[in-house]
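Student: This is the content of entry-v6.txt (compact mmCIF, C-alpha atoms and all ligand atoms):
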```txt
# COMPACT_ATOMS: atom_id res chain seq x y z
CA MET A 134 104.25 97.83 155.42
CA PRO A 135 101.27 96.94 153.19
CA HIS A 136 100.64 93.39 151.97
CA GLU A 137 99.43 94.81 148.65
CA VAL A 138 100.60 97.86 146.72
CA LEU A 139 99.12 99.64 143.72
CA ALA A 140 100.87 102.25 141.58
CA LEU A 141 99.14 104.08 138.70
CA LEU A 142 101.32 105.16 135.80
CA ASN A 143 100.90 108.74 134.70
CA GLN A 144 102.26 108.06 131.22
CA PRO A 145 102.37 104.33 130.43
CA SER A 146 103.65 105.06 126.92
CA ALA A 147 105.94 107.86 125.75
CA ASP A 148 103.87 107.86 122.52
CA ALA A 149 100.75 109.10 124.32
CA ALA A 150 100.06 112.17 126.46
CA PRO A 151 100.42 111.89 130.24
CA HIS A 152 97.27 111.79 132.35
CA ASP A 153 98.53 114.79 134.33
CA GLU A 154 101.25 117.10 132.92
CA ALA A 155 102.46 118.05 136.38
CA ALA A 156 102.42 114.62 138.03
CA PRO A 157 105.37 112.25 138.54
CA ALA A 158 105.82 109.07 136.46
CA PHE A 159 103.69 107.02 138.83
CA ALA A 160 101.81 107.45 142.08
CA PHE A 161 100.91 105.00 144.81
CA VAL A 162 97.18 104.82 145.45
CA ASP A 163 94.99 102.85 147.83
CA ALA A 164 94.87 99.30 146.44
CA ALA A 165 91.50 98.70 148.08
CA THR A 166 89.79 101.63 146.32
CA PRO A 167 88.49 101.34 142.70
CA GLN A 168 90.80 103.23 140.34
CA VAL A 169 89.72 102.30 136.80
CA SER A 170 86.86 103.85 134.82
CA VAL A 171 83.95 101.64 133.82
CA LEU A 172 84.56 103.04 130.30
CA ASP A 173 88.11 101.73 130.22
CA LEU A 174 88.51 99.37 127.26
CA GLY A 175 90.52 97.02 129.43
CA VAL A 176 87.41 96.59 131.58
CA SER A 177 84.72 96.66 128.89
CA ARG A 178 86.52 94.67 126.18
CA GLY A 179 89.55 93.03 127.76
CA ASP A 180 91.56 95.18 125.33
CA GLY A 181 95.01 95.41 126.82
CA ILE A 182 98.06 93.47 127.90
CA PHE A 183 99.61 92.28 131.13
CA GLU A 184 102.53 90.50 132.76
CA THR A 185 102.72 88.66 136.07
CA ILE A 186 106.20 88.60 137.56
CA SER A 187 107.49 86.51 140.47
CA ILE A 188 109.20 88.33 143.32
CA GLY A 189 111.64 86.14 145.24
CA HIS A 190 113.04 87.64 148.45
CA GLY A 191 112.20 91.14 147.24
CA LYS A 192 113.67 90.77 143.73
CA PRO A 193 111.53 90.71 140.58
CA GLN A 194 112.57 87.67 138.55
CA ALA A 195 113.20 87.68 134.79
CA LEU A 196 112.19 91.36 134.83
CA GLU A 197 113.81 92.28 131.52
CA HIS A 198 112.34 89.21 129.80
CA HIS A 199 108.87 90.16 131.10
CA LEU A 200 109.33 93.77 129.94
CA ARG A 201 110.40 92.61 126.47
CA ARG A 202 107.35 90.37 126.25
CA PHE A 203 105.11 93.23 127.46
CA ALA A 204 106.50 95.43 124.66
CA ARG A 205 105.98 92.64 122.09
CA SER A 206 102.38 92.13 123.22
CA ALA A 207 101.81 95.88 122.73
CA VAL A 208 103.11 95.62 119.14
CA THR A 209 100.78 92.68 118.42
CA LEU A 210 97.77 94.64 119.73
CA ASP A 211 98.82 97.90 117.96
CA LEU A 212 98.98 99.59 121.36
CA PRO A 213 101.34 102.51 121.99
CA ALA A 214 104.75 101.16 123.05
CA PRO A 215 105.05 100.93 126.84
CA ASP A 216 107.68 103.25 128.30
CA LEU A 217 109.77 100.45 129.76
CA ASP A 218 111.83 102.77 131.99
CA ALA A 219 108.65 104.09 133.59
CA TRP A 220 107.28 100.56 134.04
CA ARG A 221 110.56 99.27 135.46
CA SER A 222 110.72 102.08 138.05
CA ALA A 223 107.09 101.57 139.04
CA ILE A 224 107.64 97.81 139.43
CA LEU A 225 110.78 98.25 141.52
CA ALA A 226 109.12 100.90 143.70
CA ALA A 227 106.03 98.73 144.25
CA VAL A 228 108.19 95.75 145.21
CA GLU A 229 110.20 97.95 147.56
CA ALA A 230 107.02 99.26 149.20
CA LEU A 231 105.58 95.77 149.73
CA GLU A 232 105.90 94.12 153.10
CA PRO A 233 108.93 91.80 152.85
CA GLY A 234 108.22 88.12 152.34
CA GLU A 235 109.69 85.05 150.74
CA GLU A 236 107.47 85.01 147.67
CA ALA A 237 105.33 87.70 146.13
CA TRP A 238 104.19 88.76 142.69
CA VAL A 239 103.67 91.88 140.70
CA LYS A 240 101.25 92.38 137.84
CA THR A 241 101.61 95.06 135.18
CA VAL A 242 98.52 96.00 133.18
CA MET A 243 98.29 98.37 130.23
CA THR A 244 94.89 98.87 128.61
CA ARG A 245 93.88 100.83 125.52
CA GLY A 246 92.43 103.37 127.97
CA VAL A 247 89.05 105.05 128.07
CA GLU A 248 87.27 104.88 124.72
CA GLY A 249 88.05 107.97 122.61
CA ASP A 250 90.66 109.30 125.03
CA GLY A 251 93.74 107.99 123.19
CA ARG A 252 95.82 107.50 126.34
CA PRO A 253 96.51 104.01 127.65
CA THR A 254 95.81 103.20 131.27
CA GLY A 255 98.59 101.51 133.21
CA TRP A 256 99.08 100.15 136.68
CA VAL A 257 101.37 97.95 138.71
CA TYR A 258 99.88 95.84 141.50
CA ALA A 259 102.06 93.86 143.91
CA SER A 260 100.95 91.35 146.53
CA GLN A 261 102.24 88.52 148.68
CA SER A 262 101.93 85.10 147.03
CA ALA A 263 99.65 82.29 148.07
CA ASP A 264 101.34 79.16 149.38
CA PHE A 265 102.09 76.90 146.40
CA SER A 266 104.12 74.33 148.33
CA ARG A 267 101.44 71.63 148.06
CA VAL A 268 100.91 71.81 144.29
CA ARG A 269 104.68 72.04 143.76
CA ALA A 270 105.13 68.86 145.77
CA GLU A 271 102.10 66.95 144.48
CA GLY A 272 101.88 68.11 140.86
CA VAL A 273 98.78 68.43 138.70
CA SER A 274 96.70 66.13 136.53
CA VAL A 275 95.92 67.64 133.14
CA VAL A 276 93.53 67.18 130.26
CA LEU A 277 94.39 67.95 126.66
CA LEU A 278 92.01 70.52 125.20
CA ASP A 279 91.77 71.66 121.61
CA ARG A 280 92.56 75.37 121.32
CA GLY A 281 90.82 75.52 117.98
CA TYR A 282 93.70 77.20 116.12
CA ARG A 283 96.37 75.61 113.95
CA HIS A 284 99.95 75.67 115.24
CA ASP A 285 100.85 78.32 112.61
CA VAL A 286 98.03 80.71 113.56
CA GLU A 287 100.50 83.39 114.67
CA GLN A 288 101.86 83.65 111.12
CA THR A 289 98.62 83.11 109.16
CA SER A 290 96.25 85.21 111.30
CA PRO A 291 98.11 87.70 113.53
CA TRP A 292 94.83 89.57 114.24
CA LEU A 293 93.83 86.65 116.47
CA LEU A 294 96.58 87.87 118.85
CA GLN A 295 97.80 84.38 119.69
CA GLY A 296 101.21 84.63 121.33
CA ALA A 297 100.42 87.99 122.97
CA LYS A 298 99.63 88.20 126.67
CA THR A 299 96.30 89.97 126.39
CA LEU A 300 93.81 90.77 129.14
CA SER A 301 91.23 88.55 127.43
CA TYR A 302 91.80 85.55 129.69
CA ALA A 303 88.17 84.39 129.95
CA VAL A 304 89.07 81.36 127.78
CA ASN A 305 92.17 80.72 129.86
CA ARG A 306 89.88 80.51 132.92
CA SER A 307 87.02 78.57 131.33
CA VAL A 308 89.35 75.73 130.41
CA PHE A 309 90.12 75.23 134.10
CA ARG A 310 86.40 74.76 134.72
CA GLU A 311 86.33 72.22 131.88
CA ALA A 312 89.36 70.46 133.39
CA HIS A 313 87.58 70.31 136.77
CA ARG A 314 84.44 68.90 135.11
CA ARG A 315 86.68 66.15 133.71
CA GLY A 316 88.25 65.52 137.12
CA ALA A 317 91.61 67.14 136.34
CA ASP A 318 93.48 70.13 137.75
CA ASP A 319 94.97 71.82 134.71
CA VAL A 320 95.12 71.88 130.94
CA ILE A 321 97.51 71.48 128.05
CA PHE A 322 96.24 73.12 124.87
CA VAL A 323 96.61 71.24 121.60
CA SER A 324 96.43 72.94 118.21
CA SER A 325 93.58 72.02 115.85
CA ASP A 326 96.18 70.23 113.68
CA GLY A 327 97.37 68.14 116.60
CA TYR A 328 100.45 69.71 118.22
CA VAL A 329 101.18 70.35 121.88
CA LEU A 330 101.01 74.09 122.67
CA GLU A 331 101.01 75.41 126.26
CA GLY A 332 98.96 75.50 129.44
CA PRO A 333 96.38 78.28 129.97
CA THR A 334 98.76 79.93 132.43
CA SER A 335 101.97 77.98 131.89
CA THR A 336 104.57 76.64 129.47
CA VAL A 337 104.96 72.91 128.83
CA VAL A 338 108.44 71.50 129.52
CA TYR A 339 109.29 67.82 129.18
CA ARG A 340 112.29 65.57 129.56
CA ARG A 341 113.48 62.87 127.23
CA GLY A 342 116.69 61.22 128.42
CA ASP A 343 119.23 63.93 129.16
CA THR A 344 117.39 66.70 127.30
CA LEU A 345 114.69 69.11 128.41
CA PHE A 346 112.37 70.29 125.64
CA SER A 347 109.62 72.83 125.19
CA PRO A 348 107.36 73.47 122.19
CA GLY A 349 109.11 76.83 121.59
CA THR A 350 107.82 80.10 120.18
CA GLY A 351 106.08 80.93 116.92
CA LEU A 352 103.19 78.57 117.71
CA GLY A 353 100.83 81.25 119.00
CA ILE A 354 102.04 80.57 122.53
CA LEU A 355 103.88 82.74 125.03
CA ASP A 356 107.64 82.97 125.14
CA GLY A 357 107.86 81.72 128.75
CA THR A 358 110.17 83.47 131.16
CA THR A 359 110.10 80.53 133.58
CA GLN A 360 110.83 78.05 130.77
CA ALA A 361 113.92 80.13 129.89
CA ASN A 362 115.11 79.88 133.50
CA VAL A 363 114.29 76.17 133.70
CA PHE A 364 116.50 75.64 130.65
CA ARG A 365 119.24 77.69 132.32
CA TYR A 366 118.95 75.44 135.39
CA ALA A 367 119.04 72.27 133.26
CA GLU A 368 122.08 73.46 131.32
CA GLY A 369 123.82 74.16 134.65
CA LEU A 370 123.27 70.48 135.50
CA GLY A 371 124.80 69.43 132.19
CA LEU A 372 121.48 68.55 130.54
CA ALA A 373 120.81 69.56 126.95
CA THR A 374 117.82 71.74 126.03
CA GLY A 375 115.83 72.21 122.87
CA PHE A 376 112.57 73.17 121.20
CA GLU A 377 110.46 70.87 119.08
CA LEU A 378 107.01 70.51 117.66
CA ILE A 379 105.41 67.39 119.15
CA THR A 380 102.13 65.56 119.21
CA PRO A 381 100.34 64.45 122.39
CA ALA A 382 101.32 60.84 121.57
CA GLU A 383 105.00 61.85 121.65
CA LEU A 384 104.49 63.87 124.83
CA ALA A 385 102.97 60.81 126.50
CA LYS A 386 106.28 58.99 125.95
CA ALA A 387 108.37 61.71 127.68
CA ASP A 388 110.25 60.77 130.85
CA GLY A 389 108.81 63.75 132.71
CA VAL A 390 106.39 66.61 131.96
CA TRP A 391 106.05 69.91 133.83
CA LEU A 392 103.93 73.03 133.61
CA VAL A 393 106.12 76.00 134.43
CA SER A 394 105.10 79.59 135.09
CA SER A 395 105.88 82.65 137.12
CA VAL A 396 104.57 82.58 140.71
CA ARG A 397 103.45 78.90 140.80
CA LEU A 398 106.86 77.92 139.29
CA ALA A 399 107.33 74.25 138.23
CA VAL A 400 104.66 71.62 138.80
CA ALA A 401 104.99 68.06 137.63
CA VAL A 402 102.24 66.60 135.45
CA THR A 403 100.97 63.49 137.24
CA ALA A 404 98.45 62.35 134.62
CA ILE A 405 97.40 63.29 131.09
CA ASP A 406 93.78 62.53 130.15
CA GLY A 407 93.53 60.08 133.05
CA VAL A 408 96.74 58.19 132.24
CA ALA A 409 99.08 58.37 135.23
CA ARG A 410 102.70 59.39 134.74
CA THR A 411 105.80 58.90 136.83
CA VAL A 412 107.18 62.06 138.36
CA ASP A 413 110.66 62.98 139.46
CA ALA A 414 109.82 64.62 142.78
CA ALA A 415 113.45 65.31 143.71
CA PHE A 416 114.20 67.05 140.40
CA THR A 417 111.04 69.18 140.74
CA ALA A 418 111.86 70.14 144.33
CA ASP A 419 115.46 71.10 143.47
CA LEU A 420 114.29 73.06 140.43
CA ASN A 421 111.72 74.99 142.49
CA ALA A 422 114.26 75.69 145.22
CA TRP A 423 116.53 77.17 142.53
CA LEU A 424 113.70 79.16 140.86
CA LYS A 425 112.58 80.58 144.22
CA THR A 426 115.93 82.09 145.01
CA LEU A 427 116.68 83.60 141.59
CA GLU A 428 118.03 87.11 142.08
CA GLU A 429 117.18 88.44 138.65
N1 LIG B 501 101.54 80.62 128.68
C1 LIG B 501 100.49 81.32 129.14
C2 LIG B 501 99.23 81.32 128.33
C3 LIG B 501 100.58 82.04 130.34
O1 LIG B 501 99.53 82.74 130.78
C4 LIG B 501 101.79 82.00 131.07
C5 LIG B 501 101.94 82.74 132.33
O2 LIG B 501 101.02 83.21 132.93
C6 LIG B 501 102.85 81.25 130.58
C7 LIG B 501 102.71 80.57 129.37
C8 LIG B 501 104.15 81.14 131.34
O3 LIG B 501 104.88 82.33 131.23
P1 LIG B 501 105.88 82.79 132.37
O4 LIG B 501 106.76 81.65 132.67
O5 LIG B 501 106.62 83.91 131.75
O6 LIG B 501 105.06 83.19 133.55
```
Please rewrite the model in this file as structure tokens.
Tutor:
Amino acid sequence: MPHEVLALLNQPSADAAPHDEAAPAFAFVDAATPQVSVLDLGVSRGDGIFETISIGHGKPQALEHHLRRFARSAVTLDLPAPDLDAWRSAILAAVEALEPGEEAWVKTVMTRGVEGDGRPTGWVYASQSADFSRVRAEGVSVVLLDRGYRHDVEQTSPWLLQGAKTLSYAVNRSVFREAHRRGADDVIFVSSDGYVLEGPTSTVVYRRGDTLFSPGTGLGILDGTTQANVFRYAEGLGLATGFELITPAELAKADGVWLVSSVRLAVAVTAIDGVARTVDAAFTADLNAWLKTLEE
């Protein structure tokens, strides 16, 4: 069985014409062969949306949450609505076709398509995961970086697409280079008016006493699928959960801080801007063990 699988969607959205009237909903193609046109707006402008979904023991995790977020991103970008049934079947088939393993991931991409064509391009790519055991055990040091937008940007300026999972991730990568230049591993974005937002590829979760918090939605940040599961885990332990708008100074006082995301799962924050933090290694390990074995 292959260690990577690629399926192209024939009709990513029911609102647009299929690429081939006679073809099935999706087709497996050689993942090692180029499949996307150089004129595709996803390639030339980063104009499109994506999701990255963890696969634990052959089961996509938080699949419906990811699909809902995919559909919401499409609305924000004025893209045709993804045909979620077609995407779900392509995801499940790709996961099924992938060589079995403990941890894998699947990425769904829908672009605006080739300029002038009017039909989105869509694909599902699945692969075995890298080994994240070290970073899960050791955590990450982070720097706070200004995102340059106010915390209410999603409401005041929706055309900036904050809160949508767009393909334009060049900024989300450049901030890692900035973090490395400053001697850190990862980043927490702060709004221009001074509130904690999210990581470039993760949601911020923190603990104060017996409550786990996260900054929540509506701040131009992603509605995290892993954060939702982390809260489910915490509630199962009898902890309370909540959302609040906080400043970096308040975050610094938290009893524990984590960056949580699909695939890498939960990593403890060991330092913020060079100030070391205590970490609860046992809690992080138990949480990751639970996240890894989620069946849905
Ligand atoms: N925020 C951003 C900007 C992300 O890119 C991601 C995931 O890649 C997340 C948050 C975490 O989302 P999830 O837990 O659904 O993977």
Student: At a cut-off of 12 Å, using all atoms listed in the file, what residues contact Gln144 (chain A)? Leave out same-chain residues fewer than 5 positions from it and give the result as a list in words.
Tutor: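 Everything that qualifies: Ala149, Ala150, Pro151, His152, Asp153, Glu154, Ala155, Ala156, Pro157, Ala158, Phe159, Ala160, Pro213, Ala214, Pro215, Asp216, Leu217, Asp218, Ala219, Trp220, Ala223, Met243, Gly246, Gly251, Arg252, Pro253, Thr254, Gly255 and Trp256 of chain A.
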Student: For CA of Ala385 (chain A) and CA of Ser325 (chain A), quote the distance in Å rounded to one decimal.
Tutor: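 Separation between CA of Ala385 (chain A) and CA of Ser325 (chain A): 18.1 Å.
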Student: Identify, on the basis of all atoms listed in the file, every residue whose closest approach to Leu420 (chain A) does not exceed 8 Å; exclude the query and any residue fewer than 2 positions from it along the same chain; express the result as a short mmCIF file (atom, residue, chain, number, x, y, z; two decimals) with C-alpha atoms, in the frame of the given file.
Tutor:
```cif
data_model
loop_
_atom_site.label_atom_id
_atom_site.label_comp_id
_atom_site.auth_asym_id
_atom_site.auth_seq_id
_atom_site.Cartn_x
_atom_site.Cartn_y
_atom_site.Cartn_z
CA VAL A 363 114.29 76.17 133.70
CA TYR A 366 118.95 75.44 135.39
CA ALA A 399 107.33 74.25 138.23
CA PHE A 416 114.20 67.05 140.40
CA THR A 417 111.04 69.18 140.74
CA ALA A 418 111.86 70.14 144.33
CA ALA A 422 114.26 75.69 145.22
CA TRP A 423 116.53 77.17 142.53
CA LEU A 424 113.70 79.16 140.86
#
```
Student: Need the shell around Thr244 (chain A): protein/DNA/RNA residues with any atom at most 12 Å away, counting all atoms listed in the file. Skip same-chain ones fewer than 6 positions apart. Format as a PyMOL selection string?
Tutor: chain A and resi 142+145-146+169-170+172-183+203+206-207+210-215+250-256+298-301
Student: Write to file, as a compact mmCIF listing (two decimals), in the coordinates of the input, the residues of the selection just made, with C-alpha atoms.
Tutor:
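Result file result.txt:
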```txt
# COMPACT_ATOMS: atom_id res chain seq x y z
CA LEU A 142 101.32 105.16 135.80
CA PRO A 145 102.37 104.33 130.43
CA SER A 146 103.65 105.06 126.92
CA VAL A 169 89.72 102.30 136.80
CA SER A 170 86.86 103.85 134.82
CA LEU A 172 84.56 103.04 130.30
CA ASP A 173 88.11 101.73 130.22
CA LEU A 174 88.51 99.37 127.26
CA GLY A 175 90.52 97.02 129.43
CA VAL A 176 87.41 96.59 131.58
CA SER A 177 84.72 96.66 128.89
CA ARG A 178 86.52 94.67 126.18
CA GLY A 179 89.55 93.03 127.76
CA ASP A 180 91.56 95.18 125.33
CA GLY A 181 95.01 95.41 126.82
CA ILE A 182 98.06 93.47 127.90
CA PHE A 183 99.61 92.28 131.13
CA PHE A 203 105.11 93.23 127.46
CA SER A 206 102.38 92.13 123.22
CA ALA A 207 101.81 95.88 122.73
CA LEU A 210 97.77 94.64 119.73
CA ASP A 211 98.82 97.90 117.96
CA LEU A 212 98.98 99.59 121.36
CA PRO A 213 101.34 102.51 121.99
CA ALA A 214 104.75 101.16 123.05
CA PRO A 215 105.05 100.93 126.84
CA ASP A 250 90.66 109.30 125.03
CA GLY A 251 93.74 107.99 123.19
CA ARG A 252 95.82 107.50 126.34
CA PRO A 253 96.51 104.01 127.65
CA THR A 254 95.81 103.20 131.27
CA GLY A 255 98.59 101.51 133.21
CA TRP A 256 99.08 100.15 136.68
CA LYS A 298 99.63 88.20 126.67
CA THR A 299 96.30 89.97 126.39
CA LEU A 300 93.81 90.77 129.14
CA SER A 301 91.23 88.55 127.43
```
Student: Can you tell me which residues surround Ala409 (chain A) at a distance of at most 12 Å, considering only C-alpha atoms, apart from same-chain residues fewer than 5 positions away, and format the answer as a PyMOL selection string?
Tutor: chain A and resi 272-276+317+385-386+389-390+401-404
Student: Between CA of Pro381 (chain A) and CA of Leu278 (chain A), what is the distance in Å, rounded to a tenth?
Tutor: 10.7 Å
Student: I'd like a table as a Markdown table: residues in chain A with an atom no more than 7 Å from ligand LIG 501 (chain B), each row giving the shortest atom pair and its distance in Å to one decimal, only C-alpha atoms and all ligand atoms counted, sorted by chain and rising residue number.
Tutor:
```
| residue | atom | partner | partner_atom | distance |
| --- | --- | --- | --- | --- |
| A:Thr185 | CA | B:LIG501 | O6 | 6.5 |
| A:Ile186 | CA | B:LIG501 | O6 | 6.8 |
| A:His199 | CA | B:LIG501 | O5 | 6.7 |
| A:Lys298 | CA | B:LIG501 | O1 | 6.8 |
| A:Glu331 | CA | B:LIG501 | N1 | 5.8 |
| A:Gly332 | CA | B:LIG501 | N1 | 5.8 |
| A:Pro333 | CA | B:LIG501 | C2 | 4.5 |
| A:Thr334 | CA | B:LIG501 | O1 | 3.3 |
| A:Ser335 | CA | B:LIG501 | C6 | 3.6 |
| A:Thr336 | CA | B:LIG501 | C7 | 4.3 |
| A:Ile354 | CA | B:LIG501 | N1 | 6.2 |
| A:Leu355 | CA | B:LIG501 | N1 | 4.8 |
| A:Asp356 | CA | B:LIG501 | O3 | 6.7 |
| A:Gly357 | CA | B:LIG501 | O5 | 3.9 |
| A:Thr358 | CA | B:LIG501 | O5 | 3.6 |
| A:Thr359 | CA | B:LIG501 | O4 | 3.6 |
| A:Gln360 | CA | B:LIG501 | O4 | 5.8 |
| A:Val393 | CA | B:LIG501 | O4 | 6.0 |
| A:Ser394 | CA | B:LIG501 | O4 | 3.6 |
| A:Ser395 | CA | B:LIG501 | O6 | 3.7 |
```
Student: Nearest to Pro135 (chain A): which of A:Val320, A:Leu231, A:Val308, A:Leu384 is it, counting all atoms listed in the file?
Tutor: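 Nearest to Pro135 (chain A): A:Leu231.
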Student: How would you write as a list of chain:residue names the residues that get within 12 Å of (96.2, 87.9, 115.9) in the file's frame, counting only C-alpha atoms?
Tutor: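 Applying the cut-off with only C-alpha atoms, one gets A:Ser206, A:Ala207, A:Val208, A:Thr209, A:Leu210, A:Asp211, A:Tyr282, A:Asp285, A:Val286, A:Glu287, A:Gln288, A:Thr289, A:Ser290, A:Pro291, A:Trp292, A:Leu293, A:Leu294, A:Gln295, A:Gly296, A:Ala297, A:Lys298, A:Thr299, A:Leu352, A:Gly353, A:Ile354.
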Student: One decimal, in Å: what's the spacing between CA of Ile188 (chain A) and CA of Leu427 (chain A)?
Tutor: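 So the two atoms, CA of Ile188 (chain A) and CA of Leu427 (chain A), lie 9.0 Å apart.
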Student: Taking only C-alpha atoms into account, name the residue in A:Asp148, A:Trp238, A:Phe309, A:Thr411 that is nearest to Glu271 (chain A).
Tutor: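 The answer is A:Thr411, which sits nearest to Glu271 (chain A).
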Student: Which residue, A:Ala387, A:Thr350, A:Ala164, A:Arg245, has the smallest gap to Arg202 (chain A) when you use all atoms listed in the file?
Tutor: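 Smallest separation from Arg202 (chain A) among the options: A:Thr350.
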Student: Would you list the residues near (99.2, 74.2, 114.4) (no more than 6 Å away, in the coordinates of the file, using all atoms listed in the file) as a list in words?
Tutor: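 Taken together, the residues in range are Arg283, His284, Asp285, Ser324 and Asp326 of chain A.
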Student: Smallest atom-to-atom distance to Gly189 (chain A): which of A:Val329, A:Val228, A:Leu139, A:Val400, using all atoms listed in the file?
Tutor: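 For Gly189 (chain A), the nearest of the candidates is A:Val228.
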Student: Name the closest residue to Val268 (chain A) among the candidates A:Asp319, A:Arg365, A:Ser347, A:Arg410; distances are taken between atoms, counting only C-alpha atoms.
Tutor: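 For Val268 (chain A), the nearest of the given residues is A:Asp319.
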Student: Could you complete region 229-242 of chain A so that it carries N, CA, C and O atoms, and give it back as a PDB file, keeping the file's coordinate frame?
Tutor:
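File written: rebuild_2.pdb
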```
ATOM      1  N   GLU A 229     109.518  97.354 146.402  1.00  0.00           N
ATOM      2  CA  GLU A 229     110.200  97.950 147.560  1.00  0.00           C
ATOM      3  C   GLU A 229     109.195  98.328 148.658  1.00  0.00           C
ATOM      4  O   GLU A 229     109.466  98.168 149.844  1.00  0.00           O
ATOM      5  N   ALA A 230     108.023  98.791 148.234  1.00  0.00           N
ATOM      6  CA  ALA A 230     107.020  99.260 149.200  1.00  0.00           C
ATOM      7  C   ALA A 230     106.273  98.105 149.865  1.00  0.00           C
ATOM      8  O   ALA A 230     105.644  98.276 150.908  1.00  0.00           O
ATOM      9  N   LEU A 231     106.341  96.925 149.224  1.00  0.00           N
ATOM     10  CA  LEU A 231     105.580  95.770 149.730  1.00  0.00           C
ATOM     11  C   LEU A 231     106.238  95.198 150.971  1.00  0.00           C
ATOM     12  O   LEU A 231     107.460  95.138 151.058  1.00  0.00           O
ATOM     13  N   GLU A 232     105.390  94.768 151.885  1.00  0.00           N
ATOM     14  CA  GLU A 232     105.900  94.120 153.100  1.00  0.00           C
ATOM     15  C   GLU A 232     106.813  92.950 152.685  1.00  0.00           C
ATOM     16  O   GLU A 232     106.470  92.175 151.789  1.00  0.00           O
ATOM     17  N   PRO A 233     107.995  92.835 153.297  1.00  0.00           N
ATOM     18  CA  PRO A 233     108.930  91.800 152.850  1.00  0.00           C
ATOM     19  C   PRO A 233     108.352  90.400 153.087  1.00  0.00           C
ATOM     20  O   PRO A 233     107.592  90.198 154.019  1.00  0.00           O
ATOM     21  N   GLY A 234     108.706  89.489 152.214  1.00  0.00           N
ATOM     22  CA  GLY A 234     108.220  88.120 152.340  1.00  0.00           C
ATOM     23  C   GLY A 234     109.045  87.260 151.407  1.00  0.00           C
ATOM     24  O   GLY A 234     109.768  87.772 150.565  1.00  0.00           O
ATOM     25  N   GLU A 235     108.886  85.953 151.557  1.00  0.00           N
ATOM     26  CA  GLU A 235     109.690  85.050 150.740  1.00  0.00           C
ATOM     27  C   GLU A 235     109.282  85.100 149.276  1.00  0.00           C
ATOM     28  O   GLU A 235     110.094  85.200 148.389  1.00  0.00           O
ATOM     29  N   GLU A 236     107.949  85.039 149.045  1.00  0.00           N
ATOM     30  CA  GLU A 236     107.470  85.010 147.670  1.00  0.00           C
ATOM     31  C   GLU A 236     106.301  85.980 147.497  1.00  0.00           C
ATOM     32  O   GLU A 236     105.376  85.989 148.306  1.00  0.00           O
ATOM     33  N   ALA A 237     106.400  86.764 146.447  1.00  0.00           N
ATOM     34  CA  ALA A 237     105.330  87.700 146.130  1.00  0.00           C
ATOM     35  C   ALA A 237     105.224  87.786 144.617  1.00  0.00           C
ATOM     36  O   ALA A 237     105.931  87.053 143.905  1.00  0.00           O
ATOM     37  N   TRP A 238     104.324  88.602 144.141  1.00  0.00           N
ATOM     38  CA  TRP A 238     104.190  88.760 142.690  1.00  0.00           C
ATOM     39  C   TRP A 238     103.765  90.166 142.363  1.00  0.00           C
ATOM     40  O   TRP A 238     103.216  90.876 143.210  1.00  0.00           O
ATOM     41  N   VAL A 239     104.058  90.552 141.146  1.00  0.00           N
ATOM     42  CA  VAL A 239     103.670  91.880 140.700  1.00  0.00           C
ATOM     43  C   VAL A 239     103.048  91.741 139.312  1.00  0.00           C
ATOM     44  O   VAL A 239     103.527  90.962 138.493  1.00  0.00           O
ATOM     45  N   LYS A 240     101.951  92.451 139.127  1.00  0.00           N
ATOM     46  CA  LYS A 240     101.250  92.380 137.840  1.00  0.00           C
ATOM     47  C   LYS A 240     101.277  93.756 137.196  1.00  0.00           C
ATOM     48  O   LYS A 240     100.975  94.757 137.855  1.00  0.00           O
ATOM     49  N   THR A 241     101.648  93.797 135.927  1.00  0.00           N
ATOM     50  CA  THR A 241     101.610  95.060 135.180  1.00  0.00           C
ATOM     51  C   THR A 241     100.465  94.952 134.186  1.00  0.00           C
ATOM     52  O   THR A 241     100.320  93.930 133.515  1.00  0.00           O
ATOM     53  N   VAL A 242      99.651  95.994 134.122  1.00  0.00           N
ATOM     54  CA  VAL A 242      98.520  96.000 133.180  1.00  0.00           C
ATOM     55  C   VAL A 242      98.561  97.291 132.378  1.00  0.00           C
ATOM     56  O   VAL A 242      98.718  98.376 132.956  1.00  0.00           O
TER      57      VAL A 242
END
```
